[in-house]
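Here's target_6.cif, which has mmCIF, C-alpha atoms:
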```cif
data_my_file
loop_
_atom_site.label_atom_id
_atom_site.label_comp_id
_atom_site.auth_asym_id
_atom_site.auth_seq_id
_atom_site.Cartn_x
_atom_site.Cartn_y
_atom_site.Cartn_z
CA MET A 1 -153.99 -36.17 -71.65
CA GLU A 2 -155.48 -33.82 -69.04
CA PHE A 3 -154.35 -30.98 -66.82
CA ASP A 4 -154.43 -31.75 -63.11
CA ASP A 5 -155.18 -28.94 -60.67
CA GLN A 6 -151.54 -28.36 -59.91
CA SER A 7 -150.46 -27.97 -63.53
CA LEU A 8 -153.47 -25.79 -64.20
CA GLU A 9 -152.36 -23.40 -61.46
CA ARG A 10 -148.79 -23.54 -62.71
CA PHE A 11 -149.86 -22.58 -66.23
CA ARG A 12 -152.24 -19.93 -64.91
CA LEU A 13 -149.37 -18.21 -63.11
CA ARG A 14 -147.16 -18.25 -66.19
CA LEU A 15 -149.88 -17.12 -68.57
CA ARG A 16 -150.78 -14.31 -66.19
CA PHE A 17 -147.17 -13.19 -66.32
CA LYS A 18 -147.22 -13.29 -70.12
CA VAL A 19 -150.55 -11.43 -70.40
CA ARG A 20 -149.35 -8.75 -68.00
CA HIS A 21 -146.24 -8.39 -70.07
CA HIS A 22 -148.34 -7.79 -73.20
CA LEU A 23 -151.22 -5.74 -71.81
CA GLY A 24 -149.60 -4.13 -68.79
CA PRO A 25 -150.13 -4.94 -65.13
CA PHE A 26 -153.16 -2.68 -64.77
CA CYS A 27 -155.35 -4.12 -67.51
CA PRO A 28 -158.58 -5.09 -65.75
CA ASP A 29 -159.20 -8.08 -68.04
CA ASN A 30 -155.90 -9.91 -67.58
CA ASP A 31 -157.38 -12.70 -65.49
CA ASP A 32 -160.26 -13.20 -67.95
CA ILE A 33 -157.77 -13.57 -70.79
CA VAL A 34 -155.80 -16.16 -68.86
CA GLN A 35 -158.99 -18.03 -68.00
CA GLU A 36 -160.13 -18.01 -71.64
CA THR A 37 -156.71 -19.32 -72.74
CA LEU A 38 -156.82 -22.13 -70.21
CA THR A 39 -160.39 -23.05 -71.16
CA ARG A 40 -159.45 -23.32 -74.83
CA CYS A 41 -156.39 -25.41 -73.98
CA VAL A 42 -158.34 -27.75 -71.72
CA ILE A 43 -160.90 -28.27 -74.51
CA ALA A 44 -158.12 -28.88 -77.04
CA LEU A 45 -156.52 -31.41 -74.72
CA ARG A 46 -159.83 -33.15 -74.11
CA ASP A 47 -160.38 -33.36 -77.86
CA ASN A 48 -156.88 -34.80 -78.34
CA LYS A 49 -155.74 -31.86 -80.44
CA ILE A 50 -152.34 -31.74 -78.75
CA HIS A 51 -150.37 -34.82 -79.69
CA LYS A 52 -146.86 -33.99 -78.52
CA LEU A 53 -146.21 -32.99 -74.94
CA GLU A 54 -143.12 -31.02 -75.93
CA SER A 55 -145.24 -28.68 -78.02
CA LEU A 56 -147.50 -27.83 -75.09
CA GLY A 57 -145.62 -24.61 -74.28
CA ALA A 58 -145.88 -23.34 -77.85
CA PHE A 59 -149.54 -24.33 -77.95
CA LEU A 60 -150.42 -22.54 -74.69
CA SER A 61 -148.45 -19.49 -75.70
CA GLY A 62 -149.99 -19.46 -79.19
CA VAL A 63 -153.55 -19.74 -77.86
CA CYS A 64 -152.77 -16.97 -75.39
CA ASN A 65 -151.49 -14.76 -78.24
CA ASN A 66 -154.76 -15.33 -80.10
CA VAL A 67 -156.87 -14.47 -77.07
CA ILE A 68 -154.83 -11.31 -76.49
CA LEU A 69 -155.23 -10.29 -80.14
CA GLU A 70 -158.98 -10.93 -80.06
CA TYR A 71 -159.22 -8.85 -76.88
CA GLN A 72 -157.28 -5.98 -78.44
CA ARG A 73 -159.39 -6.07 -81.61
CA ARG A 74 -162.56 -6.01 -79.52
CA LEU A 75 -161.26 -3.00 -77.63
CA TRP A 76 -160.34 -1.16 -80.82
CA ARG A 77 -163.77 -1.83 -82.29
CA GLN A 78 -165.58 -0.75 -79.15
CA ALA A 79 -163.60 2.27 -78.09
CA PRO A 80 -163.54 5.49 -80.13
CA ALA A 81 -160.21 5.89 -81.91
CA GLU A 82 -159.04 8.71 -79.70
CA GLN A 83 -159.94 6.99 -76.46
CA ALA A 84 -157.54 4.48 -75.00
CA PRO A 85 -158.91 1.66 -72.84
CA THR A 86 -159.27 2.74 -69.24
CA PRO A 87 -156.85 0.89 -67.04
CA SER A 88 -157.85 -0.30 -63.64
CA VAL A 89 -156.72 2.16 -61.00
CA ALA A 90 -155.79 -0.53 -58.50
CA PRO A 91 -152.15 -1.47 -58.86
CA GLU A 92 -151.22 -5.07 -59.16
CA ALA A 93 -151.74 -6.53 -55.71
CA ASP A 94 -148.79 -8.87 -55.74
CA LEU A 95 -146.48 -6.07 -56.82
CA LEU A 96 -147.66 -3.92 -53.94
CA GLU A 97 -147.09 -6.74 -51.50
CA LEU A 98 -143.69 -7.41 -52.92
CA ARG A 99 -142.55 -3.83 -53.27
CA GLU A 100 -141.37 -3.60 -49.69
CA ALA A 101 -139.61 -6.96 -49.82
CA VAL A 102 -137.91 -5.96 -53.08
CA ALA A 103 -136.77 -2.60 -51.68
CA ASP A 104 -135.45 -4.29 -48.53
CA ALA A 105 -133.67 -6.92 -50.57
CA LEU A 106 -131.95 -4.24 -52.63
CA LYS A 107 -130.89 -2.38 -49.50
CA GLN A 108 -129.24 -5.50 -48.15
CA LEU A 109 -127.09 -6.00 -51.23
CA SER A 110 -123.61 -4.53 -51.21
CA GLY A 111 -122.87 -1.36 -53.14
CA ARG A 112 -120.84 -3.31 -55.69
CA ASP A 113 -123.64 -5.85 -56.22
CA CYS A 114 -126.17 -3.08 -56.76
CA GLU A 115 -123.83 -1.30 -59.12
CA VAL A 116 -123.43 -4.39 -61.29
CA LEU A 117 -127.15 -5.18 -61.28
CA ARG A 118 -128.09 -1.61 -62.08
CA ALA A 119 -125.56 -1.32 -64.88
CA PHE A 120 -126.65 -4.59 -66.48
CA PHE A 121 -130.41 -4.60 -65.98
CA LEU A 122 -131.28 -0.94 -65.84
CA GLN A 123 -128.69 0.92 -67.82
CA GLU A 124 -128.46 -1.98 -70.30
CA LYS A 125 -124.71 -1.79 -70.46
CA ASP A 126 -122.89 -4.71 -71.99
CA LYS A 127 -120.45 -6.91 -70.15
CA ASP A 128 -117.28 -5.28 -71.51
CA GLU A 129 -118.46 -1.80 -70.65
CA ILE A 130 -119.33 -2.81 -67.08
CA CYS A 131 -116.03 -4.65 -66.65
CA ARG A 132 -114.17 -1.59 -67.86
CA SER A 133 -115.98 0.92 -65.68
CA LEU A 134 -115.91 -1.21 -62.52
CA GLY A 135 -112.48 -2.72 -63.04
CA LEU A 136 -113.77 -6.31 -63.14
CA SER A 137 -112.50 -9.26 -65.09
CA ASP A 138 -114.91 -11.28 -67.24
CA ASN A 139 -115.08 -13.97 -64.58
CA GLN A 140 -115.51 -11.55 -61.69
CA PHE A 141 -118.36 -9.88 -63.56
CA ARG A 142 -120.18 -13.18 -64.10
CA VAL A 143 -119.69 -14.26 -60.49
CA THR A 144 -120.82 -10.87 -59.16
CA LEU A 145 -123.89 -10.74 -61.41
CA PHE A 146 -125.15 -14.25 -60.66
CA ARG A 147 -124.31 -14.07 -56.97
CA ALA A 148 -125.99 -10.66 -56.62
CA LYS A 149 -129.13 -11.87 -58.36
CA GLU A 150 -129.23 -15.03 -56.29
CA ARG A 151 -128.77 -13.04 -53.09
CA PHE A 152 -131.51 -10.65 -54.15
CA ARG A 153 -133.85 -13.55 -54.80
CA LYS A 154 -133.14 -15.20 -51.46
CA ILE A 155 -133.59 -11.98 -49.52
CA TYR A 156 -136.83 -10.98 -51.20
CA LEU A 157 -138.26 -14.48 -50.80
CA GLN A 158 -137.44 -14.30 -47.09
CA GLY A 159 -139.08 -10.87 -46.96
CA VAL A 160 -142.20 -12.16 -48.69
CA LYS A 161 -142.43 -15.16 -46.36
CA HIS A 162 -141.87 -12.90 -43.37
CA SER A 163 -144.61 -10.44 -44.34
CA ALA A 164 -146.96 -13.32 -45.20
CA SER A 165 -146.45 -14.94 -41.80
CA GLY A 166 -146.94 -11.57 -40.11
CA GLU A 167 -150.28 -11.08 -41.78
CA HIS A 168 -151.81 -14.34 -40.63
CA MET B 1 -133.68 -22.20 -79.33
CA ARG B 2 -131.53 -23.21 -76.36
CA PHE B 3 -132.14 -21.05 -73.36
CA HIS B 4 -129.99 -22.83 -70.80
CA GLU B 5 -126.65 -22.86 -72.57
CA ASP B 6 -124.99 -19.64 -71.50
CA PRO B 7 -126.14 -18.15 -68.16
CA LEU B 8 -125.03 -14.65 -69.14
CA LEU B 9 -126.89 -14.78 -72.44
CA ARG B 10 -129.92 -15.99 -70.55
CA GLU B 11 -129.78 -13.02 -68.19
CA LYS B 12 -129.53 -10.76 -71.23
CA LEU B 13 -132.52 -12.54 -72.73
CA PHE B 14 -134.57 -11.95 -69.55
CA ARG B 15 -133.59 -8.30 -69.51
CA ASP B 16 -134.31 -7.74 -73.20
CA TYR B 17 -137.60 -9.61 -73.00
CA LEU B 18 -138.78 -7.50 -70.06
CA LEU B 19 -137.68 -4.33 -71.82
CA ARG B 20 -139.38 -5.50 -75.03
CA ARG B 21 -136.15 -5.39 -76.96
CA LEU B 22 -136.40 -8.91 -78.42
CA ALA B 23 -137.39 -9.64 -81.98
CA PRO B 24 -141.03 -10.88 -82.05
CA GLU B 25 -140.06 -14.42 -83.03
CA THR B 26 -137.45 -14.65 -80.22
CA ALA B 27 -139.94 -13.26 -77.70
CA ASP B 28 -142.49 -15.79 -78.91
CA ALA B 29 -140.06 -18.68 -78.60
CA PHE B 30 -139.05 -17.56 -75.14
CA GLU B 31 -142.68 -17.26 -73.99
CA SER B 32 -143.42 -20.74 -75.31
CA HIS B 33 -140.44 -21.94 -73.32
CA TYR B 34 -141.05 -20.28 -69.94
CA VAL B 35 -144.68 -21.35 -69.91
CA VAL B 36 -143.40 -24.89 -69.34
CA CYS B 37 -139.92 -24.33 -67.86
CA ASP B 38 -139.96 -23.88 -64.06
CA GLU B 39 -136.41 -22.59 -63.88
CA CYS B 40 -136.73 -19.94 -66.58
CA PHE B 41 -140.11 -18.77 -65.32
CA GLU B 42 -138.79 -18.28 -61.77
CA GLU B 43 -135.75 -16.50 -63.14
CA VAL B 44 -137.64 -14.14 -65.42
CA ARG B 45 -140.06 -13.36 -62.60
CA ALA B 46 -137.19 -12.60 -60.23
CA THR B 47 -135.61 -10.43 -62.91
CA ARG B 48 -138.81 -8.44 -63.31
CA LEU B 49 -138.97 -7.79 -59.58
CA LEU B 50 -135.33 -6.89 -59.51
CA MET B 51 -135.70 -4.45 -62.39
CA THR B 52 -138.82 -2.90 -60.85
CA GLY B 53 -136.98 -2.51 -57.58
CA LEU B 54 -133.93 -1.01 -59.21
CA ALA B 55 -136.08 1.44 -61.15
CA GLN B 56 -137.84 2.52 -57.97
CA THR B 57 -134.64 3.25 -56.14
CA LYS B 58 -134.22 6.98 -56.05
CA VAL B 59 -130.58 7.06 -55.10
CA ASP B 60 -128.03 5.74 -57.53
CA ARG B 61 -124.40 4.98 -56.75
CA ARG B 62 -121.59 4.70 -59.21
CA ARG B 63 -117.89 4.43 -58.74
CA LEU B 64 -115.41 6.59 -60.60
CA GLU B 65 -111.92 5.42 -59.74
CA ASP B 66 -111.89 5.45 -55.93
CA VAL B 67 -114.68 7.99 -55.56
CA VAL B 68 -118.30 7.00 -55.09
CA VAL B 69 -120.72 9.34 -56.81
CA ILE B 70 -124.19 9.36 -55.27
CA GLU B 71 -126.98 10.89 -57.29
CA PHE B 72 -130.75 10.99 -57.40
CA THR B 73 -132.41 9.21 -60.29
CA THR B 74 -135.46 11.50 -60.27
CA PRO B 75 -136.03 15.16 -59.35
CA VAL B 76 -136.34 15.40 -55.56
CA GLN B 77 -136.70 17.83 -52.71
CA LEU B 78 -134.52 17.25 -49.67
CA VAL B 79 -137.03 18.46 -47.14
CA ARG B 80 -138.26 17.23 -43.77
CA GLN B 81 -141.05 15.04 -45.11
CA SER B 82 -139.16 13.44 -47.99
CA ASN B 83 -137.99 9.84 -48.00
CA GLU B 84 -135.20 10.59 -50.44
CA GLY B 85 -133.09 12.18 -47.72
CA ARG B 86 -133.29 9.03 -45.65
CA GLU B 87 -132.34 6.98 -48.68
CA LEU B 88 -129.39 9.28 -49.34
CA LEU B 89 -128.23 9.03 -45.75
CA GLU B 90 -128.52 5.25 -45.80
CA GLY B 91 -126.61 5.23 -49.08
CA VAL B 92 -123.76 7.14 -47.50
CA LEU B 93 -123.76 5.42 -44.11
CA GLU B 94 -123.89 1.86 -45.32
CA GLN B 95 -120.93 2.03 -47.62
CA LYS B 96 -117.31 1.69 -46.70
CA ASP B 97 -115.91 4.05 -49.32
CA THR B 98 -114.63 7.24 -47.82
CA LYS B 99 -114.45 9.48 -50.87
CA VAL B 100 -117.99 10.51 -51.61
CA LEU B 101 -119.35 12.97 -54.13
CA ILE B 102 -123.05 13.79 -53.86
CA ASP B 103 -124.60 15.01 -57.08
CA LEU B 104 -127.30 17.52 -56.17
CA SER B 105 -128.29 18.47 -59.72
CA ARG B 106 -131.72 16.89 -59.29
CA VAL B 107 -132.39 18.44 -55.91
CA SER B 108 -134.68 21.39 -56.55
CA ARG B 109 -135.24 22.41 -52.93
CA ILE B 110 -133.58 21.82 -49.61
CA ASP B 111 -134.55 22.86 -46.09
CA SER B 112 -132.86 22.71 -42.70
CA ALA B 113 -133.62 19.00 -42.39
CA GLY B 114 -132.00 18.38 -45.78
CA LEU B 115 -128.96 20.43 -44.76
CA GLY B 116 -128.82 18.43 -41.54
CA LEU B 117 -128.75 15.23 -43.58
CA LEU B 118 -125.90 16.50 -45.73
CA MET B 119 -123.99 17.42 -42.58
CA MET B 120 -124.61 13.95 -41.13
CA CYS B 121 -123.24 12.44 -44.34
CA TYR B 122 -120.24 14.76 -44.07
CA SER B 123 -119.62 13.86 -40.42
CA HIS B 124 -119.76 10.17 -41.28
CA ALA B 125 -117.20 10.62 -44.03
CA VAL B 126 -114.89 12.68 -41.81
CA ARG B 127 -115.20 10.20 -38.93
CA ASN B 128 -113.97 7.54 -41.34
CA ARG B 129 -111.09 9.77 -42.42
CA GLY B 130 -112.79 10.40 -45.71
CA MET B 131 -114.06 13.32 -47.74
CA LEU B 132 -117.48 14.34 -48.90
CA LYS B 133 -118.10 16.94 -51.57
CA LEU B 134 -121.04 18.21 -53.53
CA LEU B 135 -121.60 18.39 -57.25
CA ASN B 136 -123.87 20.71 -59.24
CA PRO B 137 -126.12 22.18 -56.55
CA SER B 138 -129.00 24.02 -58.18
CA SER B 139 -129.27 27.77 -57.65
CA PRO B 140 -131.75 27.67 -54.71
CA VAL B 141 -129.73 24.93 -53.01
CA GLN B 142 -126.52 26.87 -53.57
CA ASP B 143 -128.13 29.99 -52.07
CA LEU B 144 -129.09 28.14 -48.92
CA LEU B 145 -125.66 26.54 -48.63
CA ARG B 146 -124.14 30.00 -48.81
CA LEU B 147 -126.65 31.61 -46.45
CA THR B 148 -126.13 28.97 -43.78
CA ARG B 149 -122.37 28.92 -44.41
CA VAL B 150 -122.51 25.21 -44.97
CA ASP B 151 -120.54 25.92 -48.14
CA SER B 152 -117.49 26.67 -45.98
CA VAL B 153 -117.52 23.04 -44.86
CA LEU B 154 -119.00 21.24 -47.84
CA GLU B 155 -117.09 22.06 -50.97
CA ALA B 156 -119.25 22.27 -54.10
CA PHE B 157 -118.14 21.73 -57.70
CA TYR B 158 -119.81 22.29 -61.04
CA ASP B 159 -117.62 20.02 -63.09
CA GLU B 160 -117.42 16.31 -62.34
CA ARG B 161 -113.83 15.94 -63.51
CA GLN B 162 -112.71 18.85 -61.38
CA ALA B 163 -114.58 17.42 -58.40
CA LEU B 164 -112.92 14.03 -58.86
CA LYS B 165 -109.53 15.66 -59.18
CA SER B 166 -110.07 17.55 -55.91
CA PHE B 167 -110.14 14.23 -54.05
CA GLU B 168 -106.58 13.55 -55.13
CA VAL B 169 -105.22 16.64 -53.40
CA PRO B 170 -103.98 15.68 -49.91
#
```
As a first step, turn the structure in this file into structure tokens.
Amino acid sequence: MEFDDQSLERFRLRLRFKVRHHLGPFCPDNDDIVQETLTRCVIALRDNKIHKLESLGAFLSGVCNNVILEYQRRLWRQAPAEQAPTPSVAPEADLLELREAVADALKQLSGRDCEVLRAFFLQEKDKDEICRSLGLSDNQFRVTLFRAKERFRKIYLQGVKHSASGEH
Amino acid sequence: MRFHEDPLLREKLFRDYLLRRLAPETADAFESHYVVCDECFEEVRATRLLMTGLAQTKVDRRRLEDVVVIEFTTPVQLVRQSNEGRELLEGVLEQKDTKVLIDLSRVSRIDSAGLGLLMMCYSHAVRNRGMLKLLNPSSPVQDLLRLTRVDSVLEAFYDERQALKSFEVP
């Protein structure tokens, strides 16, 4: 079993997401950690250490956890106790590119859609509480939430495509 | 763990994962899953963008009965150079509700441009046979409202319930 280029890029994207989630988007070594994870996994695959395809996700994620832990230990050993690792000052490039598209997408959603999304994702309210405060039935809430999220996704993807085509 | 069974539970899982509210073993299982699941990865990524976008929005809208309360999520200054004023105006203009209460408790300073924006919001509401009132203006904002006599047009309240009740009066 081997990774082709396409799957390698697919896993790179997902591992980058995971590493950013653990170390924050501004950690300067995120890409190195992803690369190290992929290298270890490619070697393990080459050496036939992964026997079941269905355990690939757990394997990749587990190796990534180890690499993250090793990185954190190295930082703690190197840095004086009172000094936190210096984050990179440059914000995540893809977030910057997407920020405008995301803001535009949110502006294009209806007030009710935004209200539901904000209550659920930002204010962490539960379904019953949102239904009560907005006068929605269980079904209406579900429809509104999924439709709003889907609309958001479509609009921001259009925005991203639009800005990408404008750049080139 | 089955991640595709209940769509609402899945959305909750995305939210709690991104907010780091999941138990370590659940977070671990979910990470192992999205590394290989196209659908969940795209969804969790979209959720992150959505949550980032929502958190960056400086104007929040909530509905209390038939009144829309518009408030700032962070301390702001409604002055000529600020973007928050534009966002507030857009928030008022784009919605169809005609009973609007603007919470000014997080507005620390306002200038003539900010007052102009409030008056534009007011005109929009009146044009649509609606009402626009203010809630909790800070002391400097209140002073300027009084000085410019805008307070004679834009009614201000210091209690949300009282403000909401005032919309009921014909």
**Message:** Considering all atoms listed in the file, can you say which of A:Leu13, A:Gln35, A:Phe141, A:Leu122 comes closest to B:Glu42?
**Reply:** A:Leu13
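When atom CA of A:Leu60 is paired with atom CA of A:Leu38, their separation reads 7.8 Å.
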Can you check which parts of chain A lie within 6 Å of chain B? Per residue, the shortest pair of atoms and distance in Å to one decimal, counting all atoms listed in the file, sorted by chain and number, as a tab-separated table.
```
residue	atom	partner	partner_atom	distance
A:Arg14	CA	B:Val35	CA	5.4
A:Gly57	CA	B:Ser32	CA	4.6
A:Ala58	CA	B:Ser32	CA	4.4
A:Ser61	CA	B:Ser32	CA	5.2
A:Val102	CA	B:Gly53	CA	5.7
A:Ala103	CA	B:Gly53	CA	5.9
```
**Fill in**
Across A:Arg132, A:Lys149, A:Arg74, A:Lys127, the smallest distance to A:Ser110, with all atoms listed in the file counted, is shown by A:Lys149
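Separating atom CA of B:Val150 from atom CA of B:Met119 is a distance of 8.3 Å.
Here atom CA of A:Ala105 stands at a distance of 5.6 Å from atom CA of A:Phe152.
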Taking the file as shown, find all residues satisfying the PyMOL selection byres ((chain B and resi 86) around 12) and write them as an mmCIF file with C-alpha atoms, keeping the file's coordinate frame.
```cif
data_model
loop_
_atom_site.group_PDB
_atom_site.id
_atom_site.type_symbol
_atom_site.label_atom_id
_atom_site.label_comp_id
_atom_site.auth_asym_id
_atom_site.auth_seq_id
_atom_site.Cartn_x
_atom_site.Cartn_y
_atom_site.Cartn_z
ATOM 1 C CA LYS B 58 -134.220 6.980 -56.050
ATOM 2 C CA VAL B 59 -130.580 7.060 -55.100
ATOM 3 C CA GLN B 77 -136.700 17.830 -52.710
ATOM 4 C CA LEU B 78 -134.520 17.250 -49.670
ATOM 5 C CA VAL B 79 -137.030 18.460 -47.140
ATOM 6 C CA ARG B 80 -138.260 17.230 -43.770
ATOM 7 C CA GLN B 81 -141.050 15.040 -45.110
ATOM 8 C CA SER B 82 -139.160 13.440 -47.990
ATOM 9 C CA ASN B 83 -137.990 9.840 -48.000
ATOM 10 C CA GLU B 84 -135.200 10.590 -50.440
ATOM 11 C CA GLY B 85 -133.090 12.180 -47.720
ATOM 12 C CA GLU B 87 -132.340 6.980 -48.680
ATOM 13 C CA LEU B 88 -129.390 9.280 -49.340
ATOM 14 C CA LEU B 89 -128.230 9.030 -45.750
ATOM 15 C CA GLU B 90 -128.520 5.250 -45.800
ATOM 16 C CA GLY B 91 -126.610 5.230 -49.080
ATOM 17 C CA VAL B 92 -123.760 7.140 -47.500
ATOM 18 C CA LEU B 93 -123.760 5.420 -44.110
ATOM 19 C CA GLU B 94 -123.890 1.860 -45.320
ATOM 20 C CA ALA B 113 -133.620 19.000 -42.390
ATOM 21 C CA GLY B 114 -132.000 18.380 -45.780
ATOM 22 C CA GLY B 116 -128.820 18.430 -41.540
ATOM 23 C CA LEU B 117 -128.750 15.230 -43.580
ATOM 24 C CA LEU B 118 -125.900 16.500 -45.730
ATOM 25 C CA MET B 120 -124.610 13.950 -41.130
ATOM 26 C CA CYS B 121 -123.240 12.440 -44.340
#
```
**A:Ala44 environment, 12 Å, all atoms listed in the file, sequence neighbours closer than 5 positions dropped, as a ChimeraX atom specification** = /A:1-3,37-39,49-51,56,59-60,63
**Message:** Can you translate the PyMOL selection byres ((chain B and resi 100) around 8) into the concrete residues it hits in this file, as number ranges by chain?
**Reply:** B: 67-70, 92, 97-99, 101-102, 125, 130-133
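For the residues A:Arg46, A:Lys107, A:His22, A:Arg112, ranking by smallest atom-to-atom distance to A:Gly135 using only C-alpha atoms places A:Arg112 first.
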Residues near A:Leu109, anyone? I mean within 8 Å using only C-alpha atoms, not counting same-chain ones fewer than 3 positions away, as a tab-separated table (two decimals) with C-alpha atoms, in the frame of the given file.
```tsv
chain	number	residue	atom	x	y	z
A	105	ALA	CA	-133.67	-6.92	-50.57
A	106	LEU	CA	-131.95	-4.24	-52.63
A	113	ASP	CA	-123.64	-5.85	-56.22
A	114	CYS	CA	-126.17	-3.08	-56.76
A	148	ALA	CA	-125.99	-10.66	-56.62
A	151	ARG	CA	-128.77	-13.04	-53.09
A	152	PHE	CA	-131.51	-10.65	-54.15
```
**Prompt:** If we count only C-alpha atoms, what is near A:Asp29 at a cut-off of 10 Å, once residues fewer than 3 positions away on the same chain are taken out, given as number ranges by chain?
**Reply:** A: 19-20, 23, 26, 32-35, 71, 87-88
